[in-house]
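Note sheet for the following structure.
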Amino acid sequence: MSALRVLLLGERAHAATTFPGGNKWIYGYNGKYPALLGPLNLGYPSMTDRVIIVKFDDRYAPGIRRIRNQVFTGEQGIAQSIDFDGQDAGAAHVLIVRDGECIATGRILPDGHIGRLAVLAEFRRQGFGAKAVLGLVEHARATGLERVYLGSQAHAVGFYVGLGFTPYGEPYTEAGIQHIHMQLFL
C-alpha cells in the first residue's frame with residue numbers, strides 16, 4: 001500500500017490509500033468504529049465540476065426538475081405530485097454541475113430537513129451524492145442550524161452513516177419505499 005493521504009470532508013478527517021492494482025479507497029469513522037467507506041473517486045477528472053447552493057428559480061429549476069424527474073419519477077416510479085410538493089421555493093438547493101450539465105441535486109428546508117437527493121445514474125458511485133449532502137450540511141452550518149435530519153431510503157442508510165448521520169425512530173413507508181429517520185448534530 002502507498003502512504004495514506006488525509007482528506008477533510010466536512011469536519012471529519014478521512015484517510016485514503018491505494019491498494020495493489022491502483023484501487024483507491026477512503027476510510028474513516030462510520031459512527032462506531034473505523035471502517036472502509038468505499039472507493040475513493042471524488043469526481044475530479046473534470047476541473048469544471050461545481051457544487052453550488054441555489055434557489056428553485058427560473059435559472060436553476062429546469063436542471064433540478066430534469067434530475068429529479070429522471071431519478072424519482074423515471075427510475076423509482078414516484079409521482080411528480082409527491083416529489084414536487086410545493087416546498088421547493090422555500091428551500092435551498094444544492095446543484096452539482098459538470099461541464100455545464102446538471103448531474104446531482106438535493107434540498108434543505110429552513111428547519112434543517114434534507115431531502116430530494118438525486119444523482120443521475122451515470123454519475124453514481126463517484127462521490128457526487130456525498131458532495132451534495134456535505135454541501136447542504138455546510139449550508140446548514142453557515143445559516144446557524146444545530147441539526148439536520150432526513151428520511152433515508154432503506155438501501156441508503158449506510159451511505160448516510162458514512163457521512164456521520166445516525167438513525168432514530170421507527171422505519172416508515174413513504175411513496176411505497178421503506179425509509180428510516182436520520183440526523184446529524186452540527
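Each chain in the C-alpha cells gets a letter, A, B, ..., in the order shown, and its residues are numbered from 1; ligands are numbered from 1 in order too.
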Contacts of Gln70 of chain A at 9 Å (only C-alpha atoms; same-chain gap of 4+ positions) as a list in words
Arg65, Arg66, Gly74, Glu75, Gln76, Ala118, Leu120 and Ala121 of chain A
Which one is closest to Gln153 of chain A: A:Leu95, A:Val133, A:Ala175, A:Ile82? Count only C-alpha atoms.
A:Ala175
What's around Val157 of chain A at 10 Å? Count only C-alpha atoms, leave out sequence neighbours fewer than 2 positions away in its own chain, and write the answer as an MDAnalysis selection string.
chainID A and resid 151:155 159:162 165:167 179:182
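Distance check against Ile52 of chain A using only C-alpha atoms: of A:Thr105, A:Gln183, A:Gln178, A:Gln126, the minimum falls on A:Thr105.
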Using the chain letters and numbers from this document, which residues of segment 115-184 of chain A does DSSP assign to helix (DSSP H, G or I), as a ChimeraX atom specification?
/A:121-123,128-142,154-162
Students should find that atom CA of Val119 of chain A and atom CA of Arg68 of chain A are spaced 8.3 Å
Find the distance between atom CA of Ala92 of chain A and atom CA of Gly164 of chain A and write it in Å to one decimal.
21.1 Å
Report as a count of residues only all protein, DNA and RNA residues lying within 12 Å of Ile78 of chain A, evaluated on only C-alpha atoms, omitting residues in the same chain fewer than 5 positions from it.
14
Rank A:Leu136, A:Val94, A:Leu163, A:Leu184 by their smallest atom-to-atom distance to Val148 of chain A, using only C-alpha atoms, and report the top residue only.
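Closest to Val148 of chain A of all the choices is A:Leu184.
When only C-alpha atoms are used to compute distances to Ile67 of chain A, the closest of the residues A:Val51, A:Ile103, A:Leu150, A:Ala132 turns out to be A:Ile103.
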List the neighbours of Gly112 of chain A out to 8 Å using only C-alpha atoms; skip same-chain residues closer than 6 positions along the sequence, and give me the result as an NGL selection string.
:A and (140 or 145 or 147-149)
Export of the given selection (N, CA and C atoms) as a PDB file, in the first residue's frame:
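Result file is selection-v9.pdb:
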ATOM      1  N   ALA A 140     -26.224  24.488   6.022  1.00  0.00           N
ATOM      2  CA  ALA A 140     -26.948  24.493   7.300  1.00  0.00           C
ATOM      3  C   ALA A 140     -26.083  25.099   8.404  1.00  0.00           C
ATOM      4  N   LEU A 145     -27.930  26.537  11.778  1.00  0.00           N
ATOM      5  CA  LEU A 145     -28.674  25.363  12.248  1.00  0.00           C
ATOM      6  C   LEU A 145     -27.781  24.500  13.125  1.00  0.00           C
ATOM      7  N   ARG A 147     -28.789  21.220  13.833  1.00  0.00           N
ATOM      8  CA  ARG A 147     -29.107  19.833  13.497  1.00  0.00           C
ATOM      9  C   ARG A 147     -29.715  19.788  12.101  1.00  0.00           C
ATOM     10  N   VAL A 148     -29.335  18.757  11.354  1.00  0.00           N
ATOM     11  CA  VAL A 148     -30.004  18.453  10.094  1.00  0.00           C
ATOM     12  C   VAL A 148     -30.568  17.046  10.202  1.00  0.00           C
ATOM     13  N   TYR A 149     -31.622  16.783   9.467  1.00  0.00           N
ATOM     14  CA  TYR A 149     -32.241  15.459   9.524  1.00  0.00           C
ATOM     15  C   TYR A 149     -32.803  15.111   8.161  1.00  0.00           C
TER      16      TYR A 149
END
Considering only C-alpha atoms, state which residue in the set A:Leu186, A:Val97, A:Cys102, A:Ala61 is at the smallest distance from His139 of chain A.
A:Leu186
